[in-house]
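What follows is the content of my_file.cif (mmCIF, C-alpha atoms).
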```
data_model
#
loop_
_atom_site.label_atom_id
_atom_site.label_comp_id
_atom_site.auth_asym_id
_atom_site.auth_seq_id
_atom_site.Cartn_x
_atom_site.Cartn_y
_atom_site.Cartn_z
CA MET A 1 0.00 0.00 0.00
CA HIS A 2 1.26 3.46 -0.95
CA ILE A 3 -0.15 6.38 1.05
CA LEU A 4 -0.10 10.04 0.09
CA ILE A 5 0.10 12.24 3.20
CA ALA A 6 -1.24 15.64 2.16
CA PRO A 7 -2.29 17.74 5.17
CA ASN A 8 -2.82 21.46 5.54
CA ALA A 9 -1.33 23.35 8.48
CA PHE A 10 -2.94 22.92 11.89
CA LYS A 11 -3.67 26.56 12.71
CA ASN A 12 -1.83 28.00 15.71
CA SER A 13 -0.01 24.71 16.16
CA LEU A 14 2.05 23.12 13.37
CA HIS A 15 2.86 24.02 9.78
CA ALA A 16 1.87 21.57 7.09
CA SER A 17 5.33 20.03 6.63
CA ALA A 18 5.53 19.14 10.32
CA VAL A 19 2.03 17.69 10.29
CA ALA A 20 2.93 15.45 7.34
CA GLN A 21 6.16 14.39 9.03
CA PHE A 22 4.44 13.33 12.24
CA ILE A 23 1.71 11.42 10.41
CA GLY A 24 4.48 9.61 8.59
CA GLU A 25 6.19 8.79 11.89
CA GLY A 26 2.98 7.29 13.19
CA LEU A 27 2.59 5.09 10.13
CA GLN A 28 6.20 3.91 10.50
CA GLN A 29 5.51 2.89 14.09
CA SER A 30 2.42 0.91 13.06
CA LYS A 31 2.15 -2.69 11.90
CA LEU A 32 1.19 -1.65 8.39
CA ASN A 33 3.51 -2.63 5.55
CA CYS A 34 3.34 0.50 3.45
CA SER A 35 5.25 3.20 1.63
CA PHE A 36 4.25 6.84 1.80
CA GLU A 37 5.01 10.26 0.38
CA CYS A 38 4.68 13.47 2.36
CA PHE A 39 3.09 16.21 0.25
CA PRO A 40 2.14 19.08 2.61
CA ILE A 41 -0.37 21.44 1.04
CA GLY A 42 -1.37 25.10 1.26
CA ASP A 43 -4.57 26.77 0.11
CA GLY A 44 -3.37 30.35 0.34
CA GLY A 45 -3.27 30.32 4.12
CA ASP A 46 -0.25 31.06 6.28
CA GLY A 47 2.69 28.91 5.18
CA THR A 48 1.59 28.34 1.58
CA ALA A 49 4.33 30.50 0.05
CA ALA A 50 7.13 28.51 1.70
CA LEU A 51 5.66 25.26 0.34
CA ILE A 52 5.46 26.70 -3.18
CA VAL A 53 9.03 27.98 -3.08
CA LYS A 54 10.31 24.61 -1.86
CA LYS A 55 8.34 22.59 -4.41
CA ARG A 56 9.49 24.86 -7.24
CA ASN A 57 13.14 24.83 -6.11
CA GLY A 58 13.09 28.57 -5.54
CA ILE A 59 15.17 30.79 -3.29
CA ILE A 60 14.32 32.97 -0.30
CA GLN A 61 15.16 36.67 -0.55
CA LYS A 62 15.47 38.59 2.73
CA ALA A 63 13.97 42.07 2.87
CA GLU A 64 13.15 44.73 5.44
CA ALA A 65 9.52 45.67 5.94
CA HIS A 66 7.13 46.87 8.63
CA ASP A 67 4.67 44.79 10.58
CA ALA A 68 0.97 45.56 10.89
CA LEU A 69 1.70 48.11 13.63
CA ALA A 70 4.47 49.86 11.63
CA ARG A 71 7.43 48.31 13.44
CA LYS A 72 10.46 47.48 11.31
CA ILE A 73 11.05 43.76 10.92
CA GLU A 74 13.26 41.39 8.94
CA SER A 75 11.00 39.69 6.40
CA SER A 76 11.41 37.77 3.16
CA PHE A 77 9.80 36.62 -0.08
CA GLY A 78 10.46 33.83 -2.52
CA LEU A 79 11.71 33.81 -6.10
CA ILE A 80 10.88 30.96 -8.48
CA ASP A 81 10.96 30.36 -12.24
CA GLY A 82 14.52 31.59 -12.51
CA GLY A 83 13.72 34.77 -10.62
CA SER A 84 10.89 35.91 -12.90
CA THR A 85 8.16 35.13 -10.34
CA ALA A 86 7.93 36.31 -6.75
CA VAL A 87 5.98 34.43 -4.10
CA ILE A 88 4.89 36.69 -1.26
CA GLU A 89 3.32 35.61 2.03
CA LEU A 90 1.20 38.42 3.46
CA ALA A 91 1.67 36.98 6.95
CA ASP A 92 5.44 37.43 6.65
CA ALA A 93 4.97 41.18 7.00
CA SER A 94 1.38 41.91 8.03
CA GLY A 95 0.74 38.71 9.95
CA ILE A 96 -1.02 38.23 13.24
CA LYS A 97 1.95 36.10 14.31
CA PHE A 98 4.00 39.27 14.96
CA LEU A 99 1.47 40.67 17.43
CA HIS A 100 0.81 39.80 21.06
CA PRO A 101 -2.87 39.21 21.85
CA HIS A 102 -3.15 42.56 23.64
CA GLU A 103 -1.77 44.33 20.54
CA LEU A 104 -4.51 43.24 18.14
CA ASP A 105 -5.97 46.42 16.63
CA PRO A 106 -7.77 45.89 13.31
CA LEU A 107 -8.98 49.51 13.24
CA HIS A 108 -5.38 50.60 12.72
CA ALA A 109 -3.42 47.51 11.66
CA SER A 110 -2.05 47.97 8.13
CA THR A 111 -0.83 45.84 5.24
CA PHE A 112 1.74 48.51 4.32
CA GLY A 113 4.61 46.10 5.00
CA THR A 114 3.28 43.64 2.44
CA GLY A 115 3.27 46.48 -0.06
CA GLU A 116 6.94 47.01 0.76
CA LEU A 117 7.64 43.36 -0.06
CA ILE A 118 5.86 43.81 -3.38
CA LYS A 119 8.09 46.78 -4.17
CA HIS A 120 11.20 44.77 -3.23
CA ALA A 121 10.03 42.06 -5.63
CA LEU A 122 9.40 44.60 -8.40
CA ASP A 123 12.92 45.92 -7.86
CA LYS A 124 14.14 42.40 -8.70
CA GLY A 125 12.46 42.72 -12.08
CA VAL A 126 9.80 40.04 -11.59
CA LYS A 127 7.05 39.73 -14.17
CA LYS A 128 4.65 37.80 -11.97
CA ILE A 129 3.74 37.93 -8.29
CA ILE A 130 1.92 35.14 -6.47
CA MET A 131 0.44 36.27 -3.17
CA CYS A 132 -0.65 33.98 -0.35
CA ILE A 133 -2.80 36.05 1.96
CA GLY A 134 -3.74 33.98 5.01
CA GLY A 135 -2.83 34.84 8.58
CA SER A 136 -3.15 38.62 8.40
CA ALA A 137 -3.70 40.89 11.39
CA THR A 138 -5.60 43.35 9.22
CA VAL A 139 -9.02 44.36 7.92
CA ASP A 140 -7.85 47.32 5.83
CA GLY A 141 -9.15 46.37 2.39
CA GLY A 142 -5.56 46.33 1.13
CA THR A 143 -5.25 50.10 1.60
CA GLY A 144 -1.89 49.66 3.32
CA ILE A 145 -0.48 47.79 0.33
CA LEU A 146 -1.90 50.40 -2.01
CA GLU A 147 -0.34 53.20 0.06
CA ALA A 148 3.05 51.50 -0.17
CA LEU A 149 2.58 51.34 -3.95
CA GLY A 150 1.93 55.08 -4.13
CA ILE A 151 -1.84 55.52 -3.88
CA ARG A 152 -3.07 58.33 -1.60
CA PHE A 153 -6.34 58.30 0.32
CA LEU A 154 -7.69 61.83 0.76
CA ASN A 155 -10.41 63.56 2.77
CA ASN A 156 -12.61 66.35 1.42
CA GLU A 157 -9.89 68.89 2.22
CA ASN A 158 -7.42 67.00 0.04
CA GLU A 159 -5.45 65.85 3.07
CA ILE A 160 -3.94 62.39 3.30
CA LEU A 161 -5.87 60.18 5.71
CA LYS A 162 -3.98 58.86 8.69
CA SER A 163 -4.85 55.89 10.92
CA LEU A 164 -6.25 53.66 8.19
CA PRO A 165 -8.50 51.78 7.95
CA GLU A 166 -10.64 53.50 10.62
CA SER A 167 -10.26 56.91 8.94
CA LEU A 168 -11.63 55.60 5.63
CA ILE A 169 -15.00 56.79 6.90
CA ASN A 170 -13.71 60.27 5.93
CA LEU A 171 -12.53 59.20 2.48
CA SER A 172 -13.39 61.62 -0.32
CA ALA A 173 -10.95 60.78 -3.13
CA ILE A 174 -8.37 58.17 -4.11
CA ASP A 175 -5.32 59.60 -5.88
CA ILE A 176 -3.71 56.94 -8.10
CA SER A 177 -1.42 59.31 -10.02
CA ASN A 178 1.68 58.05 -8.17
CA LEU A 179 0.83 54.36 -8.30
CA ASP A 180 3.93 52.32 -9.09
CA LYS A 181 3.11 51.46 -12.70
CA ARG A 182 5.29 48.37 -12.56
CA ILE A 183 2.52 46.58 -10.65
CA LEU A 184 0.18 47.06 -13.62
CA ASP A 185 2.74 45.54 -15.97
CA CYS A 186 3.14 42.56 -13.66
CA GLN A 187 0.77 39.58 -13.46
CA LEU A 188 -0.58 39.58 -9.90
CA VAL A 189 -2.24 36.37 -8.70
CA ILE A 190 -3.82 36.07 -5.25
CA LEU A 191 -4.47 32.65 -3.73
CA CYS A 192 -7.71 32.73 -1.71
CA ASP A 193 -8.99 30.09 0.70
CA VAL A 194 -12.40 31.70 1.32
CA LYS A 195 -15.19 32.88 -0.97
CA ASN A 196 -16.47 35.65 1.32
CA LYS A 197 -17.13 39.04 -0.24
CA LEU A 198 -15.95 42.35 1.20
CA LEU A 199 -19.09 43.56 2.97
CA GLY A 200 -22.24 42.27 4.64
CA GLU A 201 -23.01 39.58 7.19
CA ASN A 202 -20.49 37.24 5.60
CA GLY A 203 -18.01 39.99 4.74
CA ALA A 204 -14.53 40.71 6.00
CA PRO A 205 -15.38 42.90 9.04
CA LYS A 206 -18.12 40.65 10.42
CA ILE A 207 -16.50 37.27 9.75
CA PHE A 208 -12.76 37.91 9.98
CA GLY A 209 -12.69 41.02 12.17
CA PRO A 210 -13.25 39.07 15.42
CA GLN A 211 -10.38 36.71 14.53
CA LYS A 212 -8.11 39.75 14.44
CA GLY A 213 -9.32 41.25 17.69
CA ALA A 214 -12.32 43.33 16.58
CA SER A 215 -15.15 43.90 19.03
CA VAL A 216 -18.71 44.21 17.78
CA GLU A 217 -18.29 47.99 17.80
CA ASP A 218 -15.00 47.73 15.94
CA GLY A 219 -16.64 45.48 13.37
CA ASN A 220 -19.37 48.04 12.76
CA LYS A 221 -16.78 50.79 12.31
CA LEU A 222 -14.81 48.65 9.87
CA GLU A 223 -17.96 47.84 7.92
CA LYS A 224 -18.72 51.56 7.54
CA ALA A 225 -15.10 52.37 6.66
CA LEU A 226 -14.85 49.71 3.96
CA THR A 227 -18.28 50.64 2.64
CA LYS A 228 -17.02 54.19 2.14
CA PHE A 229 -13.91 52.78 0.45
CA ARG A 230 -16.18 50.78 -1.88
CA ASP A 231 -18.36 53.81 -2.64
CA VAL A 232 -15.48 56.14 -3.56
CA ALA A 233 -13.68 53.43 -5.54
CA LEU A 234 -16.88 52.68 -7.47
CA ILE A 235 -17.27 56.32 -8.49
CA GLN A 236 -13.63 56.58 -9.62
CA THR A 237 -13.14 53.19 -11.28
CA GLY A 238 -16.63 51.99 -12.16
CA LEU A 239 -15.79 48.73 -10.36
CA ASP A 240 -17.83 47.52 -7.40
CA MET A 241 -15.36 45.74 -5.16
CA SER A 242 -18.14 44.53 -2.87
CA ILE A 243 -19.47 42.02 -5.42
CA ILE A 244 -16.15 40.28 -6.04
CA GLU A 245 -16.10 36.62 -4.96
CA HIS A 246 -13.10 36.04 -2.63
CA GLY A 247 -12.95 39.83 -2.13
CA GLY A 248 -13.21 39.55 1.65
CA ALA A 249 -10.10 37.38 1.92
CA ALA A 250 -7.41 38.72 4.27
CA GLY A 251 -9.62 41.50 5.52
CA GLY A 252 -10.45 42.74 2.03
CA VAL A 253 -6.93 42.72 0.57
CA ALA A 254 -8.22 40.64 -2.34
CA ALA A 255 -10.94 43.20 -3.19
CA GLY A 256 -8.61 46.20 -2.97
CA LEU A 257 -5.91 44.69 -5.17
CA ALA A 258 -8.40 43.34 -7.70
CA THR A 259 -9.85 46.83 -8.07
CA PHE A 260 -6.68 48.92 -8.26
CA CYS A 261 -3.95 46.49 -9.39
CA ASN A 262 -5.89 44.15 -11.71
CA ALA A 263 -5.13 41.24 -9.42
CA LYS A 264 -6.50 37.85 -10.44
CA LEU A 265 -8.21 36.08 -7.54
CA VAL A 266 -7.97 32.30 -7.71
CA ASP A 267 -9.04 29.28 -5.69
CA GLY A 268 -5.94 28.79 -3.55
CA ILE A 269 -5.79 25.02 -3.32
CA GLU A 270 -6.47 24.44 -7.02
CA TYR A 271 -3.74 26.89 -8.00
CA PHE A 272 -1.38 25.25 -5.51
CA PHE A 273 -2.02 21.85 -7.05
CA THR A 274 -1.18 23.17 -10.50
CA LEU A 275 2.03 24.85 -9.33
CA THR A 276 3.28 21.81 -7.44
CA SER A 277 2.29 18.89 -9.73
CA PHE A 278 0.08 17.38 -7.04
CA ASP A 279 -1.73 15.09 -9.48
CA GLU A 280 1.49 13.23 -10.25
CA ALA A 281 1.87 12.31 -6.59
CA LEU A 282 -1.82 11.44 -6.29
CA GLN A 283 -1.67 9.09 -9.26
CA LYS A 284 0.60 6.72 -7.30
CA ALA A 285 -1.54 6.60 -4.15
CA ASP A 286 -3.74 3.77 -2.87
CA LEU A 287 -4.91 5.90 0.07
CA VAL A 288 -4.79 9.59 0.94
CA ILE A 289 -4.50 11.06 4.43
CA THR A 290 -5.22 14.76 4.76
CA GLY A 291 -6.20 17.09 7.57
CA GLU A 292 -6.10 20.46 9.29
CA GLY A 293 -6.99 21.97 12.65
CA SER A 294 -10.73 21.65 12.12
CA ILE A 295 -12.67 19.78 9.46
CA ASP A 296 -16.27 20.96 9.32
CA ALA A 297 -18.82 22.48 6.96
CA GLN A 298 -16.48 25.43 6.25
CA THR A 299 -13.90 22.97 4.90
CA LEU A 300 -16.16 22.42 1.90
CA GLU A 301 -15.95 26.14 1.03
CA GLY A 302 -12.55 25.62 -0.56
CA LYS A 303 -10.15 24.65 2.22
CA GLY A 304 -7.14 22.49 1.45
CA PRO A 305 -8.41 19.11 2.72
CA TYR A 306 -11.55 19.47 0.62
CA GLY A 307 -9.42 20.11 -2.45
CA VAL A 308 -7.35 17.02 -1.69
CA ALA A 309 -10.41 14.86 -1.08
CA LEU A 310 -12.13 16.10 -4.23
CA ARG A 311 -9.12 15.23 -6.41
CA ALA A 312 -8.77 11.84 -4.75
CA LYS A 313 -12.43 10.97 -5.17
CA GLU A 314 -12.23 11.78 -8.86
CA LYS A 315 -9.69 8.93 -9.05
CA ASP A 316 -11.65 6.62 -6.69
CA ILE A 317 -8.91 6.83 -4.04
CA PRO A 318 -10.16 6.55 -0.43
CA VAL A 319 -9.52 9.52 1.88
CA ILE A 320 -9.00 9.74 5.62
CA GLY A 321 -9.30 13.16 7.24
CA MET A 322 -7.50 13.93 10.52
CA ALA A 323 -8.19 17.04 12.55
CA GLY A 324 -8.11 18.46 16.02
CA LYS A 325 -11.85 18.91 15.74
CA VAL A 326 -14.43 17.08 13.64
CA PRO A 327 -18.26 17.21 13.80
CA LEU A 328 -19.81 15.36 16.72
CA THR A 329 -22.67 14.15 14.54
CA THR A 330 -22.54 12.63 11.07
CA ASP A 331 -22.23 15.23 8.34
CA THR A 332 -23.54 13.75 5.10
CA ASP A 333 -21.89 16.45 2.98
CA LEU A 334 -18.46 15.70 4.45
CA GLN A 335 -19.08 11.97 4.01
CA LYS A 336 -19.23 12.47 0.25
CA TYR A 337 -15.53 13.32 0.23
CA PHE A 338 -14.01 11.75 3.36
CA ASP A 339 -14.29 8.00 3.90
CA ALA A 340 -13.35 8.51 7.55
CA LEU A 341 -12.95 11.58 9.76
CA LEU A 342 -10.87 11.17 12.91
CA SER A 343 -10.20 13.59 15.72
CA ILE A 344 -6.61 13.30 16.88
CA ASN A 345 -7.57 14.26 20.45
CA ASN A 346 -7.81 11.24 22.73
CA GLU A 347 -9.51 12.82 25.73
CA PRO A 348 -11.21 16.09 26.71
CA ALA A 349 -8.72 18.94 26.79
CA GLY A 350 -8.64 22.71 26.68
CA MET A 351 -7.54 24.44 23.49
CA SER A 352 -4.06 25.28 24.80
CA ASP A 353 -3.41 21.68 25.87
CA ALA A 354 -4.77 20.33 22.58
CA ILE A 355 -2.45 22.61 20.62
CA LYS A 356 0.51 21.69 22.82
CA ASN A 357 -0.11 17.97 22.26
CA THR A 358 -0.70 18.12 18.50
CA LYS A 359 2.55 16.36 17.60
CA ASP A 360 1.99 13.42 19.94
CA ASN A 361 -1.65 13.15 18.97
CA LEU A 362 -0.84 13.09 15.27
CA ILE A 363 1.70 10.32 15.73
CA ARG A 364 -0.62 8.27 17.96
CA THR A 365 -3.61 8.61 15.63
CA ALA A 366 -1.57 7.80 12.52
CA LYS A 367 -0.18 4.71 14.26
CA ALA A 368 -3.73 3.63 15.10
CA ILE A 369 -4.74 4.13 11.47
CA GLY A 370 -1.84 2.01 10.30
CA ASP A 371 -2.61 -0.73 12.81
CA LEU A 372 -6.24 -0.85 11.73
CA LEU A 373 -5.28 -0.99 8.04
CA SER A 374 -2.83 -3.80 8.76
CA ILE A 375 -5.69 -5.94 10.09
CA GLN A 376 -7.48 -5.54 6.77
CA VAL A 377 -4.50 -6.60 4.66
CA ILE A 378 -3.40 -9.62 6.71
#
```
Can the structure in the file be given as structure tokens, please?
Amino acid sequence: MHILIAPNAFKNSLHASAVAQFIGEGLQQSKLNCSFECFPIGDGGDGTAALIVKKRNGIIQKAEAHDALARKIESSFGLIDGGSTAVIELADASGIKFLHPHELDPLHASTFGTGELIKHALDKGVKKIIMCIGGSATVDGGTGILEALGIRFLNNENEILKSLPESLINLSAIDISNLDKRILDCQLVILCDVKNKLLGENGAPKIFGPQKGASVEDGNKLEKALTKFRDVALIQTGLDMSIIEHGGAAGGVAAGLATFCNAKLVDGIEYFFTLTSFDEALQKADLVITGEGSIDAQTLEGKGPYGVALRAKEKDIPVIGMAGKVPLTTDTDLQKYFDALLSINNEPAGMSDAIKNTKDNLIRTAKAIGDLLSIQVI
């Protein structure tokens, strides 16, 4: 039996490569006579860029930038395709990972640092930029990136707005005269792992704002601010950023860059598969094991494990899903894609303990899977 181990990252715990490694260790400790290949995946979420760079034999380029609260940090981006394509991880500059819990401030957190990475990449002469936008600390509609690229956001007195995104409520005009034209000559592709639009009950402020520290009041302010951004942009460009599918990804970064930089928004996991020749690895598999921190109804909205399971099912390959959390009751929609869903947690535990024990739980559960499969093949 040959097993393809293709997990996503376990959020706030382990990156995808480590998850795959520990599942592999569990299988090795089991009684199952098998071979396996570790093929960690990314759907545009935090860590996807590093996987792409590694799979494409690229290089990492160090660069200075600013974090979401405007503090200078040492960051980086990847170069692939002989240096003609940059791979940028939004979280490597504007990520929530750089902030302590008490620092979360989505009313003022900015993606400016990610814009700096884009400029560094343009300075290298790239003709294409692939952006992976998970893990941000921001709900700024991409205004920080656009500022870094030269766009100015003005009030009715022609003054530059400070304290974005909160001050967008006072937006009167968007000056694009100093936009770095190189970004328009460059193919910009954004990998998205959600379909949410910019505004509304399922929009960026309401759905993703709380994840980045927004209170209900903050969420309402952000909704009004991004609505004003949409209104002014619509008047100036004729494009309604609020109707763009995936536009709410990364706190609206996808919508802002689609509107002002002609960014192409793509399904993250499908694009990842194409970049990394996933189907070649899948073709050799008798069984697929995938997983992430939680597998639930939202997984079917385009998350990595769903993409893996969908591809596997098209080839009649059985799929086991492993997660820290799975539905307590049978979910018939998930059953269409996953032959078995297993929680790696062995006993009741708080979130912090569950995260701390992820490695051991992955190994133990994978060993149990292998032992069970060995009974079937004896």
Inset, instruction - Have a look at A:Phe98, A:Phe278, A:Phe338, A:Phe77 and name the one nearest to Cys38 in chain A; count all atoms listed in the file. - result: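 Distance minimum relative to Cys38 in chain A lands on A:Phe278.
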Compile a residue-level contact table for range 19-59 of chain A against range 184-190 of chain A at a cut-off of 12 Å, reporting for every qualifying residue the shortest atom pair and its distance in Å to one decimal, with all atoms listed in the file counted, rows ordered by chain and ascending number, as a tab-separated table.
```
residue	atom	partner	partner_atom	distance
A:Asp43	CA	A:Ile190	CA	10.8
A:Gly44	CA	A:Ile190	CA	8.0
A:Gly45	CA	A:Ile190	CA	11.0
A:Thr48	CA	A:Ile190	CA	11.6
A:Ala49	CA	A:Ile190	CA	11.2
```
Taking 5 positions as the minimum chain separation for residues in the same chain, which residues sit within 8 Å of Val326 in chain A when counting all atoms listed in the file? Answer as a PDB file with C-alpha atoms, keeping the file's coordinate frame.
```
ATOM      1  CA  SER A 294     -10.730  21.650  12.120  1.00  0.00           C
ATOM      2  CA  ILE A 295     -12.670  19.780   9.460  1.00  0.00           C
ATOM      3  CA  ASP A 296     -16.270  20.960   9.320  1.00  0.00           C
ATOM      4  CA  LEU A 341     -12.950  11.580   9.760  1.00  0.00           C
ATOM      5  CA  LEU A 342     -10.870  11.170  12.910  1.00  0.00           C
ATOM      6  CA  SER A 343     -10.200  13.590  15.720  1.00  0.00           C
TER       7      SER A 343
END
```
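Residue nearest Asn12 in chain A, chosen from A:His246, A:Lys212, A:Lys367, A:Lys356 and counting all atoms listed in the file: A:Lys356.
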Legend entry - Nearest candidate to Ala70 in chain A (options A:Ala93, A:Ile244, A:Ala297, A:Ile41; using all atoms listed in the file):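 Distance minimum relative to Ala70 in chain A lands on A:Ala93.
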Legend entry - Which of A:Lys119, A:Ile73, A:Asn8, A:Glu37 sits closest to Gln283 in chain A [using all atoms listed in the file]: A:Glu37
Legend entry - Polymer residues at most 7 Å from range 311-319 of chain A, all atoms listed in the file, same-chain spacing of 3 or more positions, as number ranges by chain: A: 286-289, 307-308, 337-340
Inset, instruction - Given the file shown, enumerate the residues that the PyMOL selection byres ((chain A and resi 112) around 6) captures and present them as a PyMOL selection string. - result: chain A and resi 110-111+113-115+144-145+148
Inset, instruction - Taking the file as shown, find all residues satisfying the PyMOL selection byres ((chain A and resi 233) around 12) and write them as JSON, numbers by chain. - result: {"A": [141, 143, 153, 168, 171, 172, 173, 174, 175, 176, 226, 227, 228, 229, 230, 231, 232, 234, 235, 236, 237, 238, 239, 240, 241, 242, 255, 256, 257, 258, 259, 260]}
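The closest residue to Asp193 in chain A, picked from A:Ile130, A:Ile344, A:Ala249, A:Leu104 and counting all atoms listed in the file, is A:Ala249.
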Legend entry - Between CA of Pro165 in chain A and CA of His108 in chain A - distance in Å to one decimal: 5.8 Å
Legend entry - Picked residues, the PyMOL selection byres ((chain A and resi 179) around 10), as a ChimeraX atom specification: /A:146-152,175-178,180-184,260-261
Inset, instruction - Measuring atom to atom with only C-alpha atoms, identify which of A:Ser75, A:Asn155, A:Gln211, A:Thr85 is nearest to Val126 in chain A. - result: A:Thr85
Proximity of range 81-109 of chain A to range 213-223 of chain A: per-residue shortest pair, 8 Å limit, only C-alpha atoms, as a Markdown table:
```
| residue | atom | partner | partner_atom | distance |
| --- | --- | --- | --- | --- |
| A:Pro101 | CA | A:Gly213 | CA | 7.9 |
| A:Leu104 | CA | A:Gly213 | CA | 5.2 |
| A:Asp105 | CA | A:Gly213 | CA | 6.3 |
| A:Pro106 | CA | A:Ala214 | CA | 6.2 |
| A:Leu107 | CA | A:Leu222 | CA | 6.8 |
```
Kindly save the residues from that selection, with C-alpha atoms included, as a tab-separated table (two decimals), in the coordinates of the input.
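Generated output (part-v3.tsv):
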```
chain	number	residue	atom	x	y	z
A	101	PRO	CA	-2.87	39.21	21.85
A	104	LEU	CA	-4.51	43.24	18.14
A	105	ASP	CA	-5.97	46.42	16.63
A	106	PRO	CA	-7.77	45.89	13.31
A	107	LEU	CA	-8.98	49.51	13.24
```
Legend entry - Exercise: residues within 7 Å of coordinate (0.6, 21.9, 2.4), counting all atoms listed in the file, as a PyMOL selection string: chain A and resi 6-9+16-17+39-42+48+51
Could you please take those selected residues and save C-alpha atoms as a PDB file, in the coordinates of the input?
```pdb
ATOM      1  CA  ALA A   6      -1.240  15.640   2.160  1.00  0.00           C
ATOM      2  CA  PRO A   7      -2.290  17.740   5.170  1.00  0.00           C
ATOM      3  CA  ASN A   8      -2.820  21.460   5.540  1.00  0.00           C
ATOM      4  CA  ALA A   9      -1.330  23.350   8.480  1.00  0.00           C
ATOM      5  CA  ALA A  16       1.870  21.570   7.090  1.00  0.00           C
ATOM      6  CA  SER A  17       5.330  20.030   6.630  1.00  0.00           C
ATOM      7  CA  PHE A  39       3.090  16.210   0.250  1.00  0.00           C
ATOM      8  CA  PRO A  40       2.140  19.080   2.610  1.00  0.00           C
ATOM      9  CA  ILE A  41      -0.370  21.440   1.040  1.00  0.00           C
ATOM     10  CA  GLY A  42      -1.370  25.100   1.260  1.00  0.00           C
ATOM     11  CA  THR A  48       1.590  28.340   1.580  1.00  0.00           C
ATOM     12  CA  LEU A  51       5.660  25.260   0.340  1.00  0.00           C
TER      13      LEU A  51
END
```
Inset, instruction - Have a look at CA of Lys195 in chain A and CA of Ile133 in chain A and let me know their distance in Å, one decimal. - result: 13.1 Å
Inset, instruction - For CA of Val53 in chain A and CA of Thr299 in chain A, determine how far apart the two atoms are, in Å to one decimal place. - result: 24.8 Å
Compile the contact shell of Asn357 in chain A as a PDB file with C-alpha atoms, in the frame of the given file: residues with an atom at most 9 Å away, counting only C-alpha atoms, same-chain residues fewer than 5 positions apart removed.
```pdb
ATOM      1  CA  ASN A 345      -7.570  14.260  20.450  1.00  0.00           C
ATOM      2  CA  SER A 352      -4.060  25.280  24.800  1.00  0.00           C
ATOM      3  CA  LEU A 362      -0.840  13.090  15.270  1.00  0.00           C
TER       4      LEU A 362
END
```
